[in-house]
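K.L.:
work-v4.txt (compact mmCIF, C-alpha atoms) pasted underneath:
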```txt
# COMPACT_ATOMS: atom_id res chain seq x y z
CA MET A 1 6.21 1.01 -46.77
CA ALA A 2 9.77 1.50 -47.99
CA ASP A 3 10.81 2.72 -51.39
CA ILE A 4 10.76 0.74 -54.68
CA ARG A 5 12.93 1.78 -57.64
CA LEU A 6 12.16 0.22 -61.00
CA ILE A 7 14.74 -0.43 -63.74
CA GLU A 8 13.64 -1.67 -67.17
CA ILE A 9 16.54 -3.98 -68.08
CA LYS A 10 14.91 -5.54 -71.05
CA GLU A 11 14.06 -2.31 -72.83
CA ASP A 12 17.64 -1.03 -72.52
CA ILE A 13 19.26 -4.23 -73.73
CA LEU A 14 16.79 -4.85 -76.53
CA SER A 15 16.91 -1.29 -77.81
CA ASP A 16 20.75 -1.37 -78.02
CA ASN A 17 20.50 -4.73 -79.78
CA LYS A 18 17.82 -3.48 -82.19
CA ASN A 19 19.98 -0.50 -83.19
CA LEU A 20 22.98 -2.68 -83.94
CA ALA A 21 20.78 -5.18 -85.82
CA GLY A 22 19.49 -2.33 -88.01
CA GLU A 23 23.07 -1.30 -88.82
CA ILE A 24 23.96 -4.89 -89.76
CA ARG A 25 20.92 -5.13 -92.05
CA ASP A 26 21.71 -1.83 -93.82
CA SER A 27 25.35 -2.79 -94.31
CA LEU A 28 24.49 -6.25 -95.70
CA ARG A 29 21.85 -4.81 -98.02
CA ALA A 30 24.46 -2.42 -99.43
CA LYS A 31 26.77 -5.41 -99.99
CA LYS A 32 23.92 -7.50 -101.52
CA VAL A 33 24.28 -10.25 -98.92
CA PHE A 34 21.04 -11.86 -97.73
CA LEU A 35 21.06 -12.91 -94.06
CA LEU A 36 18.62 -15.59 -92.84
CA ASN A 37 18.19 -16.42 -89.12
CA LEU A 38 17.14 -20.04 -88.58
CA MET A 39 15.75 -20.98 -85.15
CA ALA A 40 14.35 -24.18 -83.63
CA SER A 41 14.44 -26.49 -80.63
CA PRO A 42 17.40 -28.86 -80.29
CA GLY A 43 16.96 -31.78 -82.66
CA ALA A 44 14.30 -30.19 -84.87
CA GLY A 45 16.59 -30.41 -87.89
CA LYS A 46 18.38 -27.06 -88.26
CA THR A 47 21.64 -28.59 -89.46
CA SER A 48 19.80 -31.05 -91.76
CA LEU A 49 17.79 -28.25 -93.35
CA ILE A 50 20.94 -26.17 -93.82
CA LEU A 51 22.78 -29.09 -95.46
CA GLN A 52 19.83 -29.80 -97.77
CA THR A 53 19.60 -26.10 -98.64
CA ILE A 54 23.33 -25.89 -99.42
CA ARG A 55 23.12 -28.96 -101.70
CA ARG A 56 20.22 -27.45 -103.64
CA LEU A 57 21.41 -23.82 -103.86
CA LYS A 58 25.22 -23.85 -103.84
CA ASP A 59 25.44 -23.76 -107.64
CA THR A 60 23.16 -20.71 -107.72
CA PHE A 61 24.39 -18.65 -104.77
CA ARG A 62 27.63 -18.25 -102.84
CA ILE A 63 26.63 -19.39 -99.36
CA GLY A 64 28.21 -18.95 -95.91
CA ILE A 65 27.06 -20.29 -92.56
CA ILE A 66 27.20 -18.89 -89.01
CA GLU A 67 26.90 -21.79 -86.60
CA GLY A 68 25.75 -20.89 -83.10
CA ASP A 69 23.97 -24.01 -82.10
CA ILE A 70 26.32 -26.18 -80.13
CA ASP A 71 29.38 -26.21 -77.98
CA SER A 72 31.68 -27.85 -80.53
CA ILE A 73 32.58 -27.45 -84.15
CA VAL A 74 30.73 -30.57 -85.32
CA ASP A 75 28.02 -28.68 -87.20
CA ALA A 76 30.52 -26.31 -88.82
CA GLU A 77 32.54 -29.32 -90.00
CA LYS A 78 29.47 -30.88 -91.65
CA VAL A 79 28.78 -27.61 -93.45
CA THR A 80 32.32 -27.03 -94.67
CA LYS A 81 32.38 -30.58 -96.07
CA GLU A 82 29.70 -29.29 -98.46
CA GLY A 83 32.25 -26.72 -99.63
CA VAL A 84 30.84 -23.61 -97.99
CA PRO A 85 32.69 -21.49 -95.40
CA ALA A 86 31.47 -21.39 -91.80
CA VAL A 87 32.06 -19.33 -88.69
CA GLN A 88 31.45 -21.24 -85.47
CA LEU A 89 30.32 -19.09 -82.56
CA ARG A 90 31.22 -21.25 -79.58
CA THR A 91 28.46 -20.09 -77.26
CA GLY A 92 29.20 -22.65 -74.54
CA GLY A 93 25.62 -23.13 -73.51
CA PHE A 94 24.38 -19.57 -73.97
CA CYS A 95 20.71 -19.38 -74.77
CA HIS A 96 20.61 -17.12 -77.82
CA LEU A 97 22.64 -15.16 -80.39
CA ASP A 98 22.41 -11.37 -80.47
CA ALA A 99 23.37 -8.70 -82.99
CA SER A 100 26.82 -8.10 -81.46
CA MET A 101 27.71 -11.81 -81.81
CA ILE A 102 26.52 -11.83 -85.43
CA SER A 103 28.54 -8.70 -86.08
CA MET A 104 31.67 -10.50 -84.77
CA ALA A 105 30.93 -13.48 -87.02
CA LEU A 106 30.29 -11.35 -90.13
CA ALA A 107 33.62 -9.58 -89.58
CA GLU A 108 35.32 -12.98 -90.12
CA MET A 109 33.52 -13.63 -93.42
CA ASP A 110 34.49 -12.66 -96.96
CA LEU A 111 31.20 -10.85 -97.62
CA ALA A 112 32.27 -9.57 -101.05
CA ASN A 113 32.14 -13.21 -102.18
CA LEU A 114 28.85 -14.24 -100.56
CA ASP A 115 25.18 -13.92 -101.62
CA LEU A 116 23.50 -15.75 -98.73
CA VAL A 117 24.49 -16.21 -95.09
CA ILE A 118 22.43 -18.54 -92.91
CA ILE A 119 22.60 -18.29 -89.11
CA GLU A 120 21.99 -21.56 -87.26
CA ASN A 121 20.78 -20.06 -83.99
CA VAL A 122 21.00 -21.75 -80.56
CA GLY A 123 18.56 -24.65 -80.09
CA ASN A 124 15.89 -22.88 -78.03
CA LEU A 125 12.32 -21.71 -78.75
CA VAL A 126 12.37 -18.93 -76.13
CA CYS A 127 15.32 -16.52 -75.89
CA PRO A 128 16.37 -16.34 -79.59
CA ALA A 129 12.91 -14.93 -80.39
CA GLU A 130 13.72 -11.84 -78.30
CA PHE A 131 16.90 -10.83 -80.15
CA ASP A 132 17.04 -9.27 -83.59
CA THR A 133 20.21 -10.69 -85.18
CA GLY A 134 20.25 -8.28 -88.12
CA ALA A 135 18.79 -10.94 -90.45
CA MET A 136 16.47 -9.89 -93.31
CA ARG A 137 14.20 -12.85 -92.54
CA ASN A 138 13.53 -15.05 -89.51
CA ALA A 139 12.72 -18.71 -90.12
CA MET A 140 11.90 -21.43 -87.63
CA ILE A 141 11.60 -25.18 -87.79
CA LEU A 142 9.01 -27.15 -85.85
CA SER A 143 9.41 -30.91 -86.22
CA VAL A 144 6.39 -33.20 -86.07
CA PRO A 145 7.62 -35.18 -83.02
CA GLU A 146 7.64 -31.95 -80.97
CA GLY A 147 3.85 -31.84 -81.12
CA ASP A 148 1.14 -29.59 -82.52
CA ASP A 149 0.72 -27.63 -79.25
CA LYS A 150 3.99 -25.68 -79.51
CA PRO A 151 2.40 -22.42 -80.83
CA LEU A 152 0.47 -22.28 -77.54
CA LYS A 153 3.64 -22.71 -75.48
CA TYR A 154 6.06 -20.53 -77.47
CA PRO A 155 3.84 -17.85 -79.04
CA LEU A 156 6.58 -15.22 -79.41
CA MET A 157 8.74 -17.43 -81.64
CA PHE A 158 5.81 -18.24 -83.94
CA SER A 159 4.86 -14.53 -83.99
CA ILE A 160 8.22 -13.09 -85.03
CA CYS A 161 9.07 -15.56 -87.82
CA ASP A 162 8.43 -14.87 -91.51
CA VAL A 163 8.62 -18.55 -92.36
CA LEU A 164 7.85 -21.81 -90.59
CA VAL A 165 9.32 -25.06 -91.85
CA VAL A 166 7.43 -28.08 -90.50
CA ASN A 167 10.09 -30.79 -90.64
CA LYS A 168 9.92 -34.60 -90.27
CA ILE A 169 6.55 -34.92 -92.00
CA ASP A 170 7.59 -38.54 -92.64
CA TYR A 171 6.57 -39.04 -88.96
CA LEU A 172 3.01 -37.83 -89.59
CA ALA A 173 1.61 -41.30 -90.34
CA GLY A 174 1.14 -42.98 -86.99
CA SER A 175 1.50 -39.70 -85.05
CA ASP A 176 -1.30 -37.75 -83.37
CA PHE A 177 0.05 -34.46 -84.78
CA ASP A 178 -2.99 -32.57 -86.09
CA MET A 179 -1.66 -30.45 -88.97
CA ALA A 180 -4.92 -28.53 -89.47
CA ALA A 181 -5.13 -27.58 -85.78
CA PHE A 182 -1.43 -26.71 -85.78
CA ARG A 183 -1.72 -24.45 -88.83
CA ASP A 184 -4.76 -22.82 -87.29
CA ARG A 185 -2.86 -22.06 -84.05
CA VAL A 186 0.11 -20.66 -85.99
CA LEU A 187 -1.99 -18.48 -88.29
CA LYS A 188 -3.93 -17.04 -85.35
CA LEU A 189 -0.62 -15.78 -83.94
CA ASN A 190 0.85 -14.75 -87.26
CA PRO A 191 -1.53 -14.55 -90.24
CA GLY A 192 1.26 -13.59 -92.69
CA ILE A 193 3.65 -16.48 -91.96
CA ARG A 194 4.68 -18.78 -94.83
CA ILE A 195 4.48 -22.48 -93.93
CA PHE A 196 6.42 -25.24 -95.70
CA GLU A 197 5.91 -28.91 -94.86
CA VAL A 198 9.10 -30.86 -95.49
CA SER A 199 11.09 -33.95 -94.66
CA CYS A 200 14.85 -33.41 -94.69
CA LYS A 201 15.13 -37.22 -94.65
CA THR A 202 13.08 -37.98 -97.78
CA GLY A 203 13.53 -34.58 -99.46
CA GLU A 204 9.75 -34.08 -99.71
CA GLY A 205 8.69 -30.43 -99.84
CA LEU A 206 12.20 -28.99 -99.92
CA GLU A 207 11.85 -27.46 -103.39
CA ALA A 208 9.10 -25.10 -102.21
CA TRP A 209 11.36 -23.97 -99.35
CA THR A 210 14.43 -23.39 -101.51
CA GLY A 211 12.22 -21.69 -104.12
CA TRP A 212 11.03 -19.22 -101.52
CA LEU A 213 14.56 -18.64 -100.22
CA SER A 214 15.96 -18.12 -103.72
CA GLY A 215 13.30 -15.51 -104.41
CA GLU A 216 14.24 -13.68 -101.23
CA VAL A 217 17.97 -13.69 -102.01
CA GLU A 218 17.24 -12.38 -105.51
CA THR A 219 15.35 -9.36 -104.16
CA LEU A 220 18.76 -7.89 -103.23
CA ASN A 221 20.04 -8.02 -106.80
CA MET B 1 36.71 -28.66 -97.39
CA ALA B 2 35.99 -24.96 -96.92
CA ASP B 3 37.28 -22.80 -94.11
CA ILE B 4 35.99 -22.75 -90.49
CA ARG B 5 36.61 -19.74 -88.24
CA LEU B 6 36.00 -20.18 -84.52
CA ILE B 7 34.88 -17.41 -82.15
CA GLU B 8 34.70 -18.04 -78.41
CA ILE B 9 31.65 -15.95 -77.47
CA LYS B 10 31.29 -17.30 -73.99
CA GLU B 11 34.84 -16.59 -72.88
CA ASP B 12 34.62 -12.97 -74.04
CA ILE B 13 31.28 -12.29 -72.39
CA LEU B 14 32.07 -14.13 -69.18
CA SER B 15 35.46 -12.53 -68.79
CA ASP B 16 34.00 -9.01 -69.17
CA ASN B 17 31.31 -9.95 -66.66
CA LYS B 18 33.82 -11.43 -64.22
CA ASN B 19 35.91 -8.24 -64.29
CA LEU B 20 32.90 -6.05 -63.54
CA ALA B 21 31.73 -8.45 -60.81
CA GLY B 22 35.16 -8.17 -59.16
CA GLU B 23 34.91 -4.38 -59.19
CA ILE B 24 31.44 -4.55 -57.60
CA ARG B 25 32.73 -6.87 -54.87
CA ASP B 26 35.72 -4.65 -54.06
CA SER B 27 33.57 -1.54 -53.95
CA LEU B 28 30.95 -3.15 -51.67
CA ARG B 29 33.62 -4.55 -49.36
CA ALA B 30 35.05 -1.02 -48.96
CA LYS B 31 31.54 0.22 -48.09
CA LYS B 32 30.93 -2.72 -45.70
CA VAL B 33 27.87 -3.90 -47.62
CA PHE B 34 27.42 -7.68 -47.87
CA LEU B 35 25.88 -8.86 -51.16
CA LEU B 36 24.14 -12.27 -51.33
CA ASN B 37 22.95 -13.79 -54.63
CA LEU B 38 19.93 -16.08 -54.15
CA MET B 39 19.04 -18.44 -56.99
CA ALA B 40 16.39 -21.14 -57.49
CA SER B 41 13.77 -22.51 -59.86
CA PRO B 42 10.46 -20.66 -60.11
CA GLY B 43 8.32 -21.47 -57.09
CA ALA B 44 11.11 -22.88 -54.92
CA GLY B 45 10.53 -20.16 -52.32
CA LYS B 46 12.99 -17.34 -53.04
CA THR B 47 10.57 -14.58 -52.04
CA SER B 48 9.37 -16.53 -48.98
CA LEU B 49 12.93 -17.08 -47.76
CA ILE B 50 13.74 -13.40 -48.29
CA LEU B 51 10.65 -12.31 -46.35
CA GLN B 52 11.46 -14.71 -43.49
CA THR B 53 15.06 -13.50 -43.48
CA ILE B 54 14.00 -9.84 -43.37
CA ARG B 55 11.63 -10.50 -40.43
CA ARG B 56 14.39 -12.22 -38.46
CA LEU B 57 17.30 -9.89 -39.28
CA LYS B 58 15.87 -6.42 -39.90
CA ASP B 59 16.48 -5.30 -36.30
CA THR B 60 20.14 -6.35 -36.57
CA PHE B 61 21.08 -5.25 -40.08
CA ARG B 62 19.94 -2.58 -42.54
CA ILE B 63 18.72 -4.68 -45.46
CA GLY B 64 17.99 -3.88 -49.13
CA ILE B 65 16.66 -6.16 -51.86
CA ILE B 66 17.33 -6.38 -55.60
CA GLU B 67 14.39 -8.18 -57.21
CA GLY B 68 15.10 -9.73 -60.58
CA ASP B 69 12.73 -12.63 -60.51
CA ILE B 70 9.56 -11.65 -62.28
CA ASP B 71 8.08 -9.36 -64.84
CA SER B 72 6.11 -7.23 -62.41
CA ILE B 73 6.71 -5.42 -59.14
CA VAL B 74 4.73 -7.87 -56.99
CA ASP B 75 7.76 -9.29 -55.19
CA ALA B 76 9.26 -5.85 -54.60
CA GLU B 77 5.95 -4.72 -53.07
CA LYS B 78 5.93 -7.66 -50.65
CA VAL B 79 9.46 -6.80 -49.57
CA THR B 80 8.88 -3.09 -49.07
CA LYS B 81 5.83 -3.88 -46.92
CA GLU B 82 8.38 -5.36 -44.50
CA GLY B 83 9.97 -1.90 -44.39
CA VAL B 84 13.09 -2.55 -46.46
CA PRO B 85 13.92 -0.75 -49.72
CA ALA B 86 13.89 -2.67 -53.02
CA VAL B 87 15.06 -2.16 -56.57
CA GLN B 88 13.03 -4.10 -59.12
CA LEU B 89 14.96 -5.10 -62.24
CA ARG B 90 12.19 -5.65 -64.75
CA THR B 91 13.92 -8.34 -66.82
CA GLY B 92 10.88 -9.11 -68.98
CA GLY B 93 11.58 -12.79 -69.27
CA PHE B 94 15.38 -12.64 -69.43
CA CYS B 95 17.01 -15.76 -68.13
CA HIS B 96 19.61 -14.40 -65.70
CA LEU B 97 21.06 -11.31 -64.02
CA ASP B 98 24.62 -10.25 -64.77
CA ALA B 99 27.10 -7.90 -63.11
CA SER B 100 26.12 -4.92 -65.26
CA MET B 101 22.47 -5.23 -64.22
CA ILE B 102 23.47 -5.51 -60.54
CA SER B 103 25.68 -2.47 -60.98
CA MET B 104 22.67 -0.51 -62.31
CA ALA B 105 20.56 -1.65 -59.34
CA LEU B 106 23.25 -0.81 -56.74
CA ALA B 107 23.54 2.70 -58.22
CA GLU B 108 19.89 3.25 -57.20
CA MET B 109 20.48 2.16 -53.59
CA ASP B 110 21.57 4.17 -50.56
CA LEU B 111 24.56 1.92 -49.83
CA ALA B 112 25.86 4.11 -47.00
CA ASN B 113 22.76 3.06 -45.05
CA LEU B 114 22.79 -0.67 -45.84
CA ASP B 115 24.62 -3.67 -44.33
CA LEU B 116 23.12 -6.48 -46.39
CA VAL B 117 21.74 -6.57 -49.95
CA ILE B 118 20.04 -9.73 -51.18
CA ILE B 119 19.60 -10.37 -54.91
CA GLU B 120 16.54 -12.44 -55.83
CA ASN B 121 17.83 -13.81 -59.13
CA VAL B 122 15.68 -14.94 -62.06
CA GLY B 123 13.84 -18.24 -61.46
CA ASN B 124 16.13 -20.58 -63.41
CA LEU B 125 18.65 -23.30 -62.43
CA VAL B 126 20.74 -22.93 -65.60
CA CYS B 127 21.81 -19.50 -66.86
CA PRO B 128 22.18 -17.63 -63.52
CA ALA B 129 24.88 -20.15 -62.53
CA GLU B 130 27.07 -18.85 -65.38
CA PHE B 131 27.11 -15.19 -64.34
CA ASP B 132 29.04 -13.75 -61.40
CA THR B 133 26.83 -10.95 -60.06
CA GLY B 134 29.46 -9.43 -57.80
CA ALA B 135 27.96 -11.11 -54.72
CA MET B 136 30.22 -12.23 -51.85
CA ARG B 137 28.24 -15.46 -51.54
CA ASN B 138 25.99 -17.50 -53.84
CA ALA B 139 23.04 -19.31 -52.29
CA MET B 140 20.46 -21.54 -53.91
CA ILE B 141 17.16 -23.03 -52.84
CA LEU B 142 16.00 -26.49 -53.83
CA SER B 143 12.49 -27.27 -52.68
CA VAL B 144 11.49 -30.83 -51.80
CA PRO B 145 8.73 -31.07 -54.46
CA GLU B 146 11.34 -30.45 -57.19
CA GLY B 147 12.88 -33.85 -56.48
CA ASP B 148 16.17 -35.27 -55.20
CA ASP B 149 17.59 -35.76 -58.73
CA LYS B 150 18.22 -32.07 -59.46
CA PRO B 151 21.97 -32.14 -58.70
CA LEU B 152 22.31 -34.62 -61.58
CA LYS B 153 20.41 -32.34 -63.96
CA TYR B 154 21.83 -28.94 -62.94
CA PRO B 155 25.35 -29.72 -61.71
CA LEU B 156 26.80 -26.26 -62.39
CA MET B 157 24.33 -24.50 -60.08
CA PHE B 158 25.04 -26.91 -57.22
CA SER B 159 28.79 -26.56 -57.88
CA ILE B 160 29.03 -22.77 -57.74
CA CYS B 161 26.90 -22.15 -54.62
CA ASP B 162 28.36 -21.66 -51.15
CA VAL B 163 25.05 -22.50 -49.51
CA LEU B 164 22.07 -24.70 -50.34
CA VAL B 165 18.75 -24.13 -48.60
CA VAL B 166 16.48 -27.17 -48.91
CA ASN B 167 13.03 -25.59 -48.56
CA LYS B 168 9.56 -27.09 -48.02
CA ILE B 169 10.79 -29.89 -45.73
CA ASP B 170 7.19 -29.97 -44.45
CA TYR B 171 6.52 -31.92 -47.68
CA LEU B 172 9.05 -34.65 -46.80
CA ALA B 173 6.54 -36.89 -45.05
CA GLY B 174 4.62 -38.67 -47.79
CA SER B 175 7.16 -37.70 -50.46
CA ASP B 176 9.74 -39.99 -52.10
CA PHE B 177 12.46 -37.34 -51.74
CA ASP B 178 15.53 -39.20 -50.43
CA MET B 179 17.44 -36.62 -48.37
CA ALA B 180 20.48 -38.85 -47.82
CA ALA B 181 20.83 -39.60 -51.54
CA PHE B 182 20.25 -35.92 -52.34
CA ARG B 183 22.94 -34.75 -49.89
CA ASP B 184 25.31 -37.34 -51.25
CA ARG B 185 24.76 -36.10 -54.84
CA VAL B 186 25.26 -32.47 -53.79
CA LEU B 187 28.40 -33.13 -51.75
CA LYS B 188 29.97 -35.12 -54.58
CA LEU B 189 29.66 -31.99 -56.77
CA ASN B 190 30.60 -29.53 -54.05
CA PRO B 191 32.13 -30.95 -50.86
CA GLY B 192 32.38 -27.53 -49.18
CA ILE B 193 28.73 -26.46 -49.58
CA ARG B 194 26.69 -25.62 -46.44
CA ILE B 195 23.24 -27.23 -46.44
CA PHE B 196 20.28 -25.96 -44.40
CA GLU B 197 16.97 -27.82 -44.29
CA VAL B 198 14.10 -25.39 -43.74
CA SER B 199 10.41 -24.79 -44.12
CA CYS B 200 9.52 -21.17 -44.81
CA LYS B 201 5.92 -22.17 -44.03
CA THR B 202 6.49 -23.60 -40.51
CA GLY B 203 9.68 -21.66 -39.76
CA GLU B 204 11.60 -24.89 -39.03
CA GLY B 205 15.35 -24.64 -39.58
CA LEU B 206 15.38 -20.93 -40.39
CA GLU B 207 17.46 -19.96 -37.39
CA ALA B 208 20.46 -21.96 -38.61
CA TRP B 209 20.19 -20.18 -41.98
CA THR B 210 19.93 -16.67 -40.54
CA GLY B 211 22.71 -17.52 -38.06
CA TRP B 212 25.00 -18.40 -40.95
CA LEU B 213 24.02 -15.28 -42.90
CA SER B 214 24.53 -13.00 -39.86
CA GLY B 215 28.02 -14.42 -39.39
CA GLU B 216 28.83 -13.69 -43.02
CA VAL B 217 27.57 -10.09 -42.84
CA GLU B 218 29.58 -9.53 -39.67
CA THR B 219 32.84 -10.57 -41.36
CA LEU B 220 32.78 -7.19 -43.14
CA ASN B 221 32.74 -5.23 -39.89
```
What's the structure tokens form of this structure?

P.N.:
Amino acid sequence: MADIRLIEIKEDILSDNKNLAGEIRDSLRAKKVFLLNLMASPGAGKTSLILQTIRRLKDTFRIGIIEGDIDSIVDAEKVTKEGVPAVQLRTGGFCHLDASMISMALAEMDLANLDLVIIENVGNLVCPAEFDTGAMRNAMILSVPEGDDKPLKYPLMFSICDVLVVNKIDYLAGSDFDMAAFRDRVLKLNPGIRIFEVSCKTGEGLEAWTGWLSGEVETLN
Amino acid sequence: MADIRLIEIKEDILSDNKNLAGEIRDSLRAKKVFLLNLMASPGAGKTSLILQTIRRLKDTFRIGIIEGDIDSIVDAEKVTKEGVPAVQLRTGGFCHLDASMISMALAEMDLANLDLVIIENVGNLVCPAEFDTGAMRNAMILSVPEGDDKPLKYPLMFSICDVLVVNKIDYLAGSDFDMAAFRDRVLKLNPGIRIFEVSCKTGEGLEAWTGWLSGEVETLN
């Protein structure tokens, strides 16, 4: 039998990324800027949740947005119409954001005049879960139409998030989404996760979410 | 309306990758080592095609394999049992290989004693198509059970390959795979692509494939 050499790609890349993410976190903490990383599948409601959050919190905090989701500036335009600055990372179909991309985006922002920066990560429940962006907290959205089995299919994402926003609860009536079974699956993977049930369409449940987020931002002050 | 800054992540990353890929290609050409990048979905038959290729060509060329497909060394073990050396890139679920990873793998190989290196890329029809690995030729496999609609769903992959191996043609009888429609869809995306219809199980069609590959390797000598 011939020779096999083994190279651990993932460990090298992830350890470089982790180091840079730690530097970003330390630097933002010193500047009193809270960084939230928001992840979800395409269409789960990342932009809607961000717009609702801006409307509810923009009089309390100075907010900025890093948009990484799509290959256009549509989402960034929606956000800036709410009066908050945005950096659009045109990823062109890339599957995740990493710490070096976030570092590039933060360099374009006026951090001295911001309290809260929200990253809208690429629409994907797999790769973004692998990469520490430098955020203080990781949040994900799972929307009711995606189904209650997703924790079984994407366990890493549910494991690494501090917060889970279950969006589109207005679809629950007439759906076979089993919230009790879903919560049970999530909590088995991640007993400490905070879960908020919301509808960005009706506004239901959003106050609990923004209350949690406000408390987190205030920990830096 | 607030300010939007735009950062083109993809262009930066892909242009760095392209430069390194060009350096790899020049260096391998000088050493008379032919590098082939083999891409496909999981289960399409990448390892089977590599094993069949080794059996048919190992008396003619000195072959080495870079295995990037899976999170174990199973595929590398199968290859080395055929008597050819392998480097296993343990990607741990990463979605593609890039030029820097291939450069790391080539550094572990005895290139002075190789004529042909085959990269078994990660099982994925999306991301690997974006990244030049430094290979002289890109090949892909589409297996009959995957369906004849794949060129419509993954146009970039079909566009950037020099060669398409249609594997598992032993499944054609009793399948609704329409080879004429499939070829038509592929050739509309990429009129210059070479198409080989094979079965790694029965051996049918493999001689045309290895004949083409031998001709390519010989162009370096």

K.L.:
Check every residue of chain B for an atom within 7 Å of chain A, counting all atoms listed in the file, and provide those that qualify as an MDAnalysis selection string.

P.N.:
chainID B and resid 1:10 76 80:81 83:92

K.L.:
Please identify all polymer residues within 6 Å of Glu197 (chain B), counting all atoms listed in the file, omitting same-chain residues fewer than 5 positions from it, and present them as a PyMOL selection string.

P.N.:
chain B and resi 165-166+205

K.L.:
Report as number ranges by chain all protein, DNA and RNA residues lying within 8 Å of Asp149 (chain A), evaluated on only C-alpha atoms, omitting residues in the same chain fewer than 3 positions from it.

P.N.:
A: 152-153, 182

K.L.:
Quick one: of A:Asn138, A:Thr202, A:Glu218, A:Gly43, who's nearest to Val163 (chain A), counting only C-alpha atoms?

P.N.:
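Counting only C-alpha atoms, the residue closest to Val163 (chain A) is A:Asn138.
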
K.L.:
To one decimal place, how far is CA of Met157 (chain B) from CA of Leu156 (chain A) in Å?

P.N.:
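Going from CA of Met157 (chain B) over to CA of Leu156 (chain A), I get 27.8 Å.
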
K.L.:
Please determine, counting all atoms listed in the file, which residue among A:Met140, A:Glu146, A:Thr60, A:Lys31 has the shortest atom-to-atom distance to Ser159 (chain A).

P.N.:
A:Met140

K.L.:
Which centre and which edge lengths, in Å to one decimal, describe the axis-aligned box that holds all listed atoms of region 10-17 of chain A after 4 Å is added on each side, as lines of an AutoDock Vina configuration file?

P.N.:
```
center_x = 17.4
center_y = -3.3
center_z = -75.4
size_x = 14.7
size_y = 12.5
size_z = 16.7
```

K.L.:
For Ile24 (chain A), please output as a count of residues only all residues within 6 Å (counting all atoms listed in the file; exclusion window: fewer than 3 positions along the same chain).

P.N.:
3

K.L.:
Which protein, DNA or RNA residues are at most 10 Å from (18.1, -10.6, -41.6) in the file's coordinates when you count only C-alpha atoms, listed as a PyMOL selection string?

P.N.:
chain B and resi 50-63+115-118+209-211+213-214+217

K.L.:
With all atoms listed in the file as the basis for distance, which of A:Ile102, A:Leu14, A:Ala181, A:Ala208 is at the shortest distance from Lys150 (chain A)?

P.N.:
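Smallest distance to Lys150 (chain A) is found for A:Ala181.
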
K.L.:
Please report the interatomic distance between CA of Asn124 (chain A) and CA of Ala139 (chain B) in Å with one decimal.

P.N.:
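Straight-line distance from CA of Asn124 (chain A) to CA of Ala139 (chain B) works out to 27.0 Å.
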
K.L.:
Between CA of Gly215 (chain B) and CA of Ser199 (chain B), what distance in Å does the model show, to one decimal?

P.N.:
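If I compute the distance from CA of Gly215 (chain B) to CA of Ser199 (chain B), I get 21.0 Å.
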
K.L.:
Kindly indicate which residue among B:Leu114, B:Leu220, B:Ala40, B:Val198 lies nearest to Cys161 (chain B), using all atoms listed in the file for the distances.

P.N.:
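Ranked by minimum distance to Cys161 (chain B), first place goes to B:Ala40.
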
K.L.:
Near region 45-47 of chain A, counting all atoms listed in the file, which residues have an atom at most 8 Å away, once you skip same-chain residues fewer than 3 positions from it, shown as a ChimeraX atom specification?

P.N.:
/A:38-40,42,50-51,75,120,141,143,167,200

K.L.:
Taking into account all atoms listed in the file, which residue in the set A:Asn190, A:Asn19, A:Asn121, A:Thr219 is nearest to Asn37 (chain A)?

P.N.:
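For Asn37 (chain A), the nearest of the candidates is A:Asn121.
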